[in-house]
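Raw contents of query_8.cif, mmCIF, C-alpha atoms:
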```cif
data_query
loop_
_atom_site.label_atom_id
_atom_site.label_comp_id
_atom_site.auth_asym_id
_atom_site.auth_seq_id
_atom_site.Cartn_x
_atom_site.Cartn_y
_atom_site.Cartn_z
CA MET A 30 150.65 88.67 82.50
CA ASN A 31 150.78 85.98 85.25
CA SER A 32 148.33 84.94 87.97
CA ASP A 33 149.47 87.86 90.16
CA CYS A 34 148.63 90.22 87.31
CA GLU A 35 145.12 88.80 87.08
CA ASN A 36 144.61 89.66 90.74
CA MET A 37 145.66 93.24 90.01
CA LYS A 38 142.86 93.93 87.48
CA ASP A 39 140.37 95.08 90.09
CA GLN A 40 142.99 97.32 91.71
CA ILE A 41 143.87 98.91 88.34
CA ALA A 42 140.17 99.75 87.83
CA ASP A 43 139.98 101.04 91.40
CA LEU A 44 143.00 103.22 90.76
CA LEU A 45 141.20 104.98 87.90
CA THR A 46 138.13 105.57 90.07
CA GLY A 47 140.18 106.80 93.03
CA ASN A 48 139.08 104.03 95.38
CA LEU A 49 142.43 102.69 96.58
CA SER A 50 144.01 103.26 99.95
CA GLU A 51 147.50 104.70 100.13
CA SER A 52 149.06 101.34 100.97
CA GLN A 53 147.23 99.69 98.04
CA MET A 54 148.36 102.43 95.70
CA ARG A 55 151.99 101.99 96.76
CA LYS A 56 151.79 98.24 96.21
CA LEU A 57 150.14 98.67 92.79
CA GLU A 58 152.66 101.31 91.68
CA GLN A 59 155.49 98.99 92.62
CA HIS A 60 153.89 96.22 90.55
CA LEU A 61 153.39 98.51 87.55
CA ASN A 62 157.04 99.57 87.71
CA GLU A 63 158.02 95.93 87.46
CA CYS A 64 155.38 94.65 84.97
CA ALA A 65 155.19 96.04 81.43
CA ALA A 66 152.04 94.03 80.62
CA CYS A 67 150.09 95.58 83.49
CA ARG A 68 151.38 99.04 82.54
CA ASP A 69 149.97 98.53 79.03
CA TYR A 70 146.68 97.24 80.47
CA ALA A 71 146.36 100.25 82.78
CA SER A 72 147.16 102.67 79.96
CA ALA A 73 144.59 101.10 77.64
CA LEU A 74 142.00 101.08 80.40
CA LYS A 75 142.59 104.76 81.10
CA ASN A 76 142.30 105.72 77.41
CA GLU A 77 139.04 103.78 76.99
CA ASP A 78 137.63 105.37 80.13
CA MET A 79 138.42 108.83 78.76
CA LEU A 80 136.76 108.01 75.42
CA LEU A 81 133.56 106.85 77.12
CA THR A 82 133.49 109.94 79.35
CA GLU A 83 133.96 112.27 76.37
CA PHE A 84 131.24 110.44 74.43
CA PHE A 85 128.60 110.80 77.14
CA ALA A 86 129.66 114.37 77.85
CA GLY A 87 128.86 115.12 74.23
CA MET A 88 125.42 113.52 74.52
CA ASP A 89 124.38 115.40 77.64
CA LEU A 90 126.16 118.21 79.47
CA ASN A 91 124.56 116.99 82.66
CA THR A 92 126.24 113.57 82.61
CA ALA A 93 126.78 113.47 86.36
CA SER A 94 123.12 113.97 87.19
CA ARG A 95 122.09 111.39 84.59
CA GLN A 96 124.49 108.86 86.07
CA GLU A 97 123.05 109.62 89.51
CA ARG A 98 119.50 109.01 88.28
CA LEU A 99 120.57 105.81 86.57
CA LEU A 100 122.17 104.50 89.75
CA GLN A 101 119.06 105.40 91.76
CA VAL A 102 116.97 103.20 89.50
CA ILE A 103 119.22 100.17 89.16
CA ALA A 104 121.10 100.03 92.48
CA PRO A 105 119.70 97.27 94.77
CA SER A 106 118.32 98.53 98.04
CA CYS A 107 120.57 96.21 99.99
CA MET A 108 123.81 97.79 98.63
CA SER A 109 125.10 101.31 99.02
CA ARG A 110 125.21 103.40 95.85
CA GLN A 111 128.94 103.88 96.16
CA THR A 112 129.61 100.13 96.47
CA TYR A 113 127.28 99.25 93.61
CA ALA A 114 128.66 101.95 91.32
CA LEU A 115 132.18 100.69 92.00
CA SER A 116 131.12 97.11 91.23
CA ILE A 117 129.58 98.19 87.91
CA ARG A 118 132.60 100.23 86.98
CA ARG A 119 134.97 97.39 87.79
CA THR A 120 133.03 95.03 85.53
CA ILE A 121 132.95 97.55 82.70
CA MET A 122 136.58 98.59 83.00
CA LYS A 123 137.91 95.03 83.00
CA SER A 124 136.49 94.12 79.57
CA PRO A 125 136.49 96.21 76.37
CA ILE A 126 133.63 94.09 75.03
CA THR A 127 131.59 94.80 78.16
CA LYS A 128 132.27 98.52 77.79
CA ILE A 129 131.06 98.54 74.21
CA ALA A 130 127.96 96.53 75.13
CA VAL A 131 127.10 98.77 78.10
CA ALA A 132 127.67 101.89 76.04
CA ALA A 133 125.35 100.55 73.36
CA VAL A 134 122.67 99.64 75.89
CA ILE A 135 122.80 103.07 77.52
CA ILE A 136 122.66 104.83 74.14
CA ILE A 137 119.62 102.78 73.10
CA ALA A 138 117.92 103.26 76.50
CA VAL A 139 118.44 107.03 76.47
CA THR A 140 117.26 107.31 72.87
CA LEU A 141 114.18 105.19 73.52
CA SER A 142 113.32 107.08 76.71
CA ILE A 143 113.44 110.38 74.84
CA GLN A 144 111.35 109.02 71.98
CA LEU A 145 108.79 107.42 74.32
CA TRP A 146 108.60 110.57 76.42
CA ASN A 147 108.00 112.74 73.39
CA LYS A 148 105.40 110.27 72.17
CA SER A 149 103.59 110.10 75.53
CA THR A 150 103.44 113.83 75.99
CA SER A 151 102.78 114.82 72.41
CA ALA A 152 99.05 114.28 72.76
CA ALA A 153 97.33 116.81 75.03
CA TYR A 154 95.83 115.33 78.17
CA ALA A 155 92.23 116.10 79.02
CA PHE A 156 90.49 115.23 82.29
CA GLU A 157 87.68 113.67 80.26
CA GLN A 158 90.12 110.86 79.46
CA THR A 159 90.32 110.02 83.16
CA VAL A 160 86.53 110.24 83.52
CA GLU A 161 86.18 107.71 80.70
CA ALA A 162 88.97 105.45 81.99
CA MET A 163 87.40 105.24 85.47
CA GLN A 164 83.98 104.17 84.15
CA GLY A 165 82.87 100.56 84.22
CA LYS A 166 84.05 99.98 87.79
CA ARG A 167 84.10 96.30 88.77
CA SER A 168 86.42 96.35 91.79
CA PHE A 169 88.77 98.52 93.78
CA HIS A 170 91.25 98.23 96.63
CA ILE A 171 91.94 101.48 98.42
CA GLN A 172 93.65 102.87 101.50
CA THR A 173 92.07 105.87 103.19
CA TYR A 174 93.89 108.60 105.11
CA PHE A 175 92.83 111.15 107.71
CA GLN A 176 95.09 114.03 108.69
CA GLN A 177 97.89 112.41 106.66
CA ARG A 178 97.66 109.18 108.67
CA ARG A 179 96.52 105.79 107.45
CA LYS A 180 92.95 105.00 108.44
CA ASP A 181 90.87 102.25 106.77
CA GLU A 182 91.56 99.79 103.98
CA PHE A 183 88.76 98.71 101.63
CA TRP A 184 88.24 95.99 99.05
CA ALA A 185 85.00 96.12 97.04
CA GLU A 186 83.46 94.31 94.07
CA PHE A 187 80.59 95.48 91.86
CA ASP A 188 78.30 93.96 89.25
CA GLU A 189 77.91 95.05 85.62
CA GLU A 190 75.51 97.81 86.68
CA GLY A 191 77.95 99.18 89.24
CA LYS A 192 76.01 97.89 92.25
CA LEU A 193 77.96 96.68 95.26
CA VAL A 194 78.32 92.89 95.44
CA ARG A 195 80.57 92.58 98.48
CA PHE A 196 83.19 94.49 100.41
CA ARG A 197 85.77 94.17 103.16
CA GLN A 198 86.90 96.93 105.51
CA GLU A 199 89.78 96.92 107.98
CA GLU A 200 89.97 99.55 110.71
CA GLY A 201 92.63 100.00 113.35
CA GLU A 202 96.37 99.41 113.58
CA GLY A 203 98.18 96.11 113.79
CA PRO A 204 96.81 92.65 112.92
CA LYS A 205 95.59 92.03 116.47
CA ARG A 206 93.69 95.32 116.77
CA ILE A 207 91.83 95.38 113.46
CA LEU A 208 88.06 95.74 113.40
CA LEU A 209 87.14 93.64 110.38
CA THR A 210 83.88 94.21 108.50
CA THR A 211 82.57 92.25 105.52
CA TRP A 212 79.29 92.51 103.64
CA GLU A 213 77.69 90.24 101.05
CA ASP A 214 74.13 89.24 100.11
CA GLY A 215 72.66 91.65 102.65
CA VAL A 216 74.60 90.22 105.59
CA LYS A 217 77.09 92.40 107.42
CA SER A 218 79.66 90.68 109.65
CA GLN A 219 81.84 92.61 112.06
CA TYR A 220 84.66 91.00 113.97
CA TYR A 221 85.78 92.81 117.14
CA PRO A 222 89.22 91.49 118.14
CA PRO A 223 90.17 90.70 121.76
CA PRO A 224 89.49 91.67 124.44
CA TRP A 225 86.00 91.27 122.94
CA GLY A 226 86.56 88.43 120.47
CA VAL A 227 83.05 88.83 119.08
CA LYS A 228 81.63 88.41 115.57
CA LEU A 229 78.34 90.24 115.09
CA MET A 230 76.17 89.22 112.13
CA THR A 231 73.36 91.60 111.15
CA ARG A 232 71.00 92.10 108.24
CA VAL A 233 71.91 95.27 106.31
CA ASP A 234 70.18 96.15 103.07
CA ASN A 235 72.09 98.16 100.49
CA SER A 236 69.44 98.53 97.82
CA GLY A 237 69.60 102.30 98.19
CA GLY A 238 73.40 102.47 98.34
CA GLY A 239 75.34 104.34 100.99
CA LEU A 240 76.68 101.27 102.79
CA GLU A 241 79.68 102.23 104.95
CA ASN A 242 79.87 105.51 103.00
CA LEU A 243 81.66 103.64 100.21
CA GLU A 244 80.53 106.28 97.70
CA GLY A 245 82.76 108.78 99.47
CA PHE A 246 85.75 106.53 98.87
CA ASP A 247 84.80 105.35 95.38
CA PRO A 248 87.42 106.63 92.88
CA GLU A 249 84.95 106.57 89.98
CA THR A 250 82.40 108.62 91.93
CA ILE A 251 85.04 111.13 93.05
CA VAL A 252 86.30 111.68 89.49
CA GLN A 253 82.76 112.11 88.18
CA GLU A 254 81.91 114.64 90.89
CA VAL A 255 85.06 116.67 90.15
CA HIS A 256 84.22 116.71 86.46
CA GLU A 257 80.67 117.91 87.16
CA LEU A 258 81.86 120.66 89.51
CA VAL A 259 84.30 122.01 86.94
CA SER A 260 81.72 121.75 84.13
CA GLU A 261 79.17 123.65 86.22
CA GLY A 262 81.67 126.41 87.03
CA LYS A 263 81.78 125.54 90.73
CA ALA A 264 85.45 124.63 90.68
CA VAL A 265 88.58 125.41 88.68
CA MET A 266 91.14 122.86 87.58
CA GLU A 267 94.86 123.16 86.94
CA ILE A 268 96.65 120.24 85.30
CA GLN A 269 100.37 120.04 85.91
CA ALA A 270 102.36 117.97 83.44
CA PRO A 271 104.81 115.64 85.18
CA PRO A 272 108.49 116.60 85.25
CA ARG A 273 110.64 114.98 82.61
CA TYR A 274 111.59 111.97 84.69
CA ALA A 275 108.40 111.66 86.77
CA ARG A 276 105.81 108.99 86.12
CA LEU A 277 102.64 110.67 87.40
CA MET A 278 100.84 113.95 86.80
CA THR A 279 99.13 116.16 89.37
CA ILE A 280 95.76 117.90 89.05
CA HIS A 281 94.74 120.70 91.42
CA VAL A 282 91.04 121.46 91.89
CA LYS A 283 89.72 124.40 93.90
CA ARG A 284 86.11 125.16 94.73
CA ILE A 285 84.97 128.67 93.81
CA ASP A 286 81.37 128.34 95.00
CA GLY A 287 82.12 129.31 98.59
CA LYS A 288 83.13 125.90 99.91
CA PRO A 289 86.67 125.88 101.36
CA LEU A 290 87.73 122.69 99.60
CA ARG A 291 90.94 122.02 97.68
CA GLN A 292 91.59 118.70 95.99
CA VAL A 293 94.75 117.16 94.62
CA LEU A 294 94.37 114.26 92.20
CA VAL A 295 97.31 112.17 91.03
CA VAL A 296 96.86 110.51 87.63
CA ASN A 297 98.85 107.88 85.77
CA PRO A 298 99.30 109.46 82.30
CA ASP A 299 99.62 106.03 80.67
CA THR A 300 96.42 104.44 82.01
CA LYS A 301 94.66 107.78 82.71
CA LEU A 302 93.51 106.27 86.03
CA VAL A 303 93.48 108.19 89.29
CA VAL A 304 95.91 106.70 91.79
CA ARG A 305 95.40 109.13 94.69
CA VAL A 306 92.99 111.83 95.80
CA ASP A 307 93.55 114.23 98.71
CA ASP A 308 90.90 116.61 100.04
CA TYR A 309 91.91 119.65 102.09
CA TRP A 310 89.23 121.60 103.94
CA ASP A 311 90.39 125.03 105.07
CA THR A 312 89.17 126.45 108.37
CA GLU A 313 89.05 129.89 109.94
CA ASP A 314 92.30 128.93 111.63
CA GLU A 315 94.79 129.22 108.77
CA GLU A 316 97.12 126.77 110.45
CA LYS A 317 94.42 124.09 110.81
CA VAL A 318 93.39 122.14 107.72
CA PHE A 319 91.30 118.97 107.69
CA HIS A 320 92.69 116.32 105.39
CA HIS A 321 91.08 113.23 103.95
CA GLY A 322 92.59 111.12 101.19
CA ILE A 323 92.43 107.84 99.34
CA GLU A 324 95.15 105.86 97.63
CA VAL A 325 93.97 103.54 94.85
CA LEU A 326 96.04 100.40 95.30
CA GLU A 327 94.19 98.36 92.65
CA TYR A 328 91.42 99.19 90.20
CA ASN A 329 89.40 96.63 88.25
CA GLU A 330 91.77 93.87 89.29
CA THR A 331 90.68 90.40 90.42
CA ILE A 332 90.30 90.16 94.20
CA ASP A 333 91.02 86.92 96.05
CA PRO A 334 87.57 85.68 97.20
CA ARG A 335 89.09 84.47 100.48
CA LEU A 336 89.37 88.09 101.56
CA PHE A 337 85.59 88.21 101.93
CA ASP A 338 85.42 85.03 104.04
CA PRO A 339 88.15 85.53 106.66
CA ASN A 340 89.31 82.83 109.03
CA LEU A 341 88.64 83.87 112.62
CA PRO A 342 89.97 82.40 115.86
CA GLU A 343 88.18 79.22 116.95
CA ASP A 344 87.08 80.78 120.25
CA THR A 345 85.29 83.69 118.52
CA LEU A 346 81.87 84.40 120.07
CA ILE A 347 79.19 84.49 117.35
CA MET A 348 76.23 86.84 117.80
CA ASP A 349 73.79 85.88 115.04
CA GLN A 350 71.04 88.41 114.38
CA VAL A 351 70.34 87.08 110.88
CA THR A 352 68.94 83.58 111.30
CA GLN A 353 67.09 84.17 114.59
CA GLU A 354 64.85 86.81 116.11
CA VAL A 355 66.58 88.79 118.82
CA GLY A 356 65.78 91.68 121.14
CA MET A 357 62.46 93.14 122.23
CA ALA A 358 59.64 94.77 120.28
CA GLN A 359 59.31 98.48 121.08
CA GLY A 360 55.56 98.64 120.68
CA ASP A 361 54.11 101.93 121.96
CA MET A 362 57.05 102.71 124.23
CA SER A 363 59.29 105.69 123.64
CA ASN A 364 62.96 105.13 122.85
CA GLU A 365 63.94 106.00 126.41
CA GLU A 366 61.27 103.71 127.89
CA VAL A 367 62.23 100.68 125.80
CA ALA A 368 65.92 101.25 126.56
CA VAL A 369 65.29 101.04 130.32
CA LYS A 370 62.83 98.14 130.05
CA ILE A 371 65.00 95.87 127.91
CA ILE A 372 68.07 96.41 130.09
CA ARG A 373 66.12 95.63 133.26
CA GLU A 374 64.71 92.41 131.78
CA ALA A 375 68.08 91.35 130.32
CA LEU A 376 69.88 91.83 133.65
CA ASP A 377 67.10 90.03 135.53
CA ALA A 378 67.18 87.00 133.19
CA TRP A 379 70.96 86.89 133.32
CA ALA A 380 70.94 86.99 137.13
CA LYS A 381 68.45 84.10 137.25
CA GLY A 382 70.55 82.00 134.89
CA ASP A 383 67.96 82.13 132.09
CA PHE A 384 70.65 82.31 129.41
CA ALA A 385 68.21 81.68 126.55
CA LYS A 386 66.12 84.78 127.36
CA ALA A 387 69.13 86.87 128.35
CA GLY A 388 70.94 85.88 125.15
CA LYS A 389 67.96 86.87 123.00
CA LEU A 390 67.66 90.25 124.74
CA CYS A 391 71.44 90.73 124.43
CA GLY A 392 71.31 90.54 120.64
CA GLY A 393 71.88 86.83 120.18
CA ALA A 394 74.67 86.43 122.74
CA PRO A 395 75.53 82.72 123.04
CA ARG A 396 75.37 80.89 126.35
CA ARG A 397 79.20 80.66 126.50
CA MET A 398 79.39 84.45 126.31
CA LEU A 399 77.04 85.00 129.25
CA ALA A 400 78.08 82.05 131.41
CA GLU A 401 81.84 82.16 130.84
CA ALA A 402 83.40 85.02 128.88
CA TYR A 403 81.40 87.72 130.69
CA SER A 404 80.73 85.92 133.96
CA HIS A 405 82.78 88.56 135.80
CA VAL A 406 79.97 91.11 135.22
CA ARG A 407 77.02 88.76 135.60
CA PRO A 408 74.52 90.39 137.96
CA VAL A 409 73.38 88.89 141.23
CA ARG A 410 70.99 91.65 142.28
CA ILE A 411 69.92 94.84 140.50
CA ILE A 412 70.25 97.97 142.64
CA SER A 413 69.29 100.75 140.22
CA ILE A 414 68.94 101.67 136.54
CA GLY A 415 69.43 105.33 135.70
CA GLU A 416 68.16 107.66 133.02
CA PRO A 417 69.22 106.87 129.42
CA GLU A 418 71.84 109.08 127.79
CA LYS A 419 71.39 109.48 124.05
CA ILE A 420 74.36 108.49 121.87
CA ASP A 421 74.88 110.68 118.84
CA PHE A 422 74.69 108.07 116.10
CA GLY A 423 72.79 107.38 112.92
CA THR A 424 70.36 104.91 114.51
CA PRO A 425 68.75 105.26 117.96
CA ARG A 426 70.95 104.09 120.83
CA PHE A 427 71.44 105.02 124.48
CA TRP A 428 73.92 104.61 127.30
CA VAL A 429 72.05 103.38 130.36
CA PRO A 430 73.87 103.60 133.72
CA CYS A 431 73.31 100.54 135.89
CA GLN A 432 74.31 99.63 139.42
CA TYR A 433 74.10 96.03 140.58
CA GLU A 434 75.81 93.40 142.67
CA ILE A 435 78.20 90.84 141.21
CA LYS A 436 80.09 87.96 142.78
CA ARG A 437 83.86 88.11 142.38
CA ASP A 438 86.22 85.65 144.05
CA GLY A 439 83.31 84.40 146.12
CA GLN A 440 82.55 87.87 147.50
CA LEU A 441 79.67 90.19 146.67
CA GLU A 442 80.60 93.64 145.42
CA ILE A 443 78.82 96.53 143.72
CA THR A 444 79.65 97.42 140.13
CA ASN A 445 78.64 100.44 138.07
CA GLN A 446 78.23 99.74 134.37
CA LYS A 447 77.00 101.62 131.31
CA LEU A 448 75.11 99.25 129.07
CA VAL A 449 74.04 100.16 125.54
CA ALA A 450 70.47 99.78 124.31
CA LEU A 451 70.15 100.03 120.52
CA THR A 452 68.02 99.02 117.57
CA VAL A 453 68.51 95.75 115.70
CA ASN A 454 69.85 96.26 112.17
CA GLY A 455 67.32 95.27 109.52
CA CYS A 456 64.53 94.78 112.10
CA PRO A 457 62.60 98.04 112.58
CA GLY A 458 61.00 98.40 116.00
CA ARG A 459 63.23 95.87 117.78
CA TRP A 460 65.88 96.70 120.38
CA TYR A 461 68.67 94.76 122.07
CA VAL A 462 71.32 95.21 124.78
CA SER A 463 75.04 95.30 124.08
CA ILE A 464 77.20 94.03 126.93
CA TRP A 465 80.58 93.83 125.11
CA HIS A 466 81.92 97.08 126.52
CA THR A 467 81.31 96.19 130.15
CA ARG A 468 84.38 96.14 132.35
#
```
What is this file in structure tokens?
Amino acid sequence: MNSDCENMKDQIADLLTGNLSESQMRKLEQHLNECAACRDYASALKNEDMLLTEFFAGMDLNTASRQERLLQVIAPSCMSRQTYALSIRRTIMKSPITKIAVAAVIIIAVTLSIQLWNKSTSAAYAFEQTVEAMQGKRSFHIQTYFQQRRKDEFWAEFDEEGKLVRFRQEEGEGPKRILLTTWEDGVKSQYYPPPWGVKLMTRVDNSGGGLENLEGFDPETIVQEVHELVSEGKAVMEIQAPPRYARLMTIHVKRIDGKPLRQVLVVNPDTKLVVRVDDYWDTEDEEKVFHHGIEVLEYNETIDPRLFDPNLPEDTLIMDQVTQEVGMAQGDMSNEEVAVKIIREALDAWAKGDFAKAGKLCGGAPRRMLAEAYSHVRPVRIISIGEPEKIDFGTPRFWVPCQYEIKRDGQLEITNQKLVALTVNGCPGRWYVSIWHTR
């Protein structure tokens, strides 16, 4: 067998797999007619291929589907399955030693997979195992979903008693549109990306829990609530063992106490941890179902502390309501009365250039915010302030329509704005004005 014969090895393997063009086949056939050594090599290769095929056919009648599953697992994503399978087969077919080694590896892998599967499924699974596995929560990283679409992403850490130590929440789509919230040591920071470019720092106590509704996203809490509902006879549970080649198991929970809620929990049978929970609320409209879900990306894993102290753009406007007193005391005024009064005084101070007073009434707005970033809506003369419109929110807040003159490009013009009057977090009885959403 000469150097030309060495170059024919790949084509001989391709001939057996049916991956030669007609012109290549004619050229190879001509070579085989002229070369006894290559004819012997091709014959031996064909016989060994038949022996391997017969061996695996005897192990499993569904050899084709097993080969397909094997290729799905090992084929790199950057290569097509057909190309990769051909590359593997070429390597195997060119060396008897390689064929024996590969056959041995596959035999061992199949045997071990069957043994491990039997071992993992021999013991009956009970949901109590998941309840126990989820206890002792120290951290989680989750992605929430609403109507099958990604919503918020959370990172949270807890102390030994399960109390929240700090968390990070990202809302919105795209890195430039994310509302970023962090909380630690009673201080809540919210970064509103451009066009606002504002970081608001407020005092928020979490001694009673309930911060940012984290309990509703907490995998440990969800699992415990499901267990209690089933134990109390308010829900029924159906545990579906995973298919033979699947990695996760599915648990269906349905309320039978009159609430139209169905839940689907996905559990890792090895760790017993929940990796996803989906809630489906049925409505009178059979075609309309409200969906809310969480995906547990990490559980009790170490979280990079830099996540809780994000780097923000240098030109970020800082509104600090933690280290200084801001706003106006409500006193004996009603909510509507204080909303109108504080907006009138804030606009008046801003128009007069009293940025210290205006900044205090505007929730700690820095001078640069009033004099530069929002100079396009700085009032010159107040025309009217309308009746407050209540905003449906957890804490008192109102839209207050305002009409006043501004100076734009050296000319006076009238603008109509809706400013927000709201209470200061962590400071009962104090109100401030939000001007971020002005146009």
Polymer residues at most 12 Å from Glu330 of chain A, all atoms listed in the file, same-chain spacing of 3 or more positions, as a PyMOL selection string: chain A and resi 166-171+184-187+325-327+333
Could you list as a list in words every residue that has an atom within 7 Å of (72.1, 89.6, 127.1), using the file's coordinates and counting only C-alpha atoms?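 Taken together, the residues in range are Ala375, Trp379, Ala387, Gly388, Lys389, Leu390, Cys391, Gly392, Ala394, Val462 and Ile464 of chain A.
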A:Gln269, A:Asp214, A:Gln177, A:Leu336: which is nearest Gln198 of chain A, counting only C-alpha atoms? A:Leu336
Between atom CA of Val406 of chain A and atom CA of Trp465 of chain A, measure the distance and give it in Å to one decimal.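 So the answer is 10.5 Å.
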Provide an axis-aligned box for all listed atoms of segment 352-355 of chain A, padding each side by 3 Å; report its centre and its edge lengths in Å to one decimal, as lines of an AutoDock Vina configuration file.
```
center_x = 66.9
center_y = 86.2
center_z = 115.1
size_x = 10.1
size_y = 11.2
size_z = 13.5
```
At a cut-off of 12 Å, using only C-alpha atoms, what residues contact Lys217 of chain A? Leave out same-chain residues fewer than 6 positions from it and give the result as a VMD selection string. chain A and resid 195 to 198 209 to 211 228 to 235 240 to 241 337 to 338 348 to 351 454 to 455
Set the distance at 9 Å and use all atoms listed in the file: which residues neighbour Phe319 of chain A once local chain neighbours fewer than 2 positions away are removed? I'd like the list as a list of chain:residue names.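 Result of the neighbour search: A:Phe175, A:Gln176, A:Asp308, A:Tyr309, A:Trp310, A:Asp311, A:Thr312, A:Lys317, A:His321.
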With C-alpha atoms retained, could you export that selection as a short mmCIF file (atom, residue, chain, number, x, y, z; two decimals), keeping the file's coordinate frame?
```cif
data_model
loop_
_atom_site.label_atom_id
_atom_site.label_comp_id
_atom_site.auth_asym_id
_atom_site.auth_seq_id
_atom_site.Cartn_x
_atom_site.Cartn_y
_atom_site.Cartn_z
CA PHE A 175 92.83 111.15 107.71
CA GLN A 176 95.09 114.03 108.69
CA ASP A 308 90.90 116.61 100.04
CA TYR A 309 91.91 119.65 102.09
CA TRP A 310 89.23 121.60 103.94
CA ASP A 311 90.39 125.03 105.07
CA THR A 312 89.17 126.45 108.37
CA LYS A 317 94.42 124.09 110.81
CA HIS A 321 91.08 113.23 103.95
#
```
One number please: atom CA of Asn340 of chain A to atom CA of Leu193 of chain A, in Å, one decimal. 22.6 Å
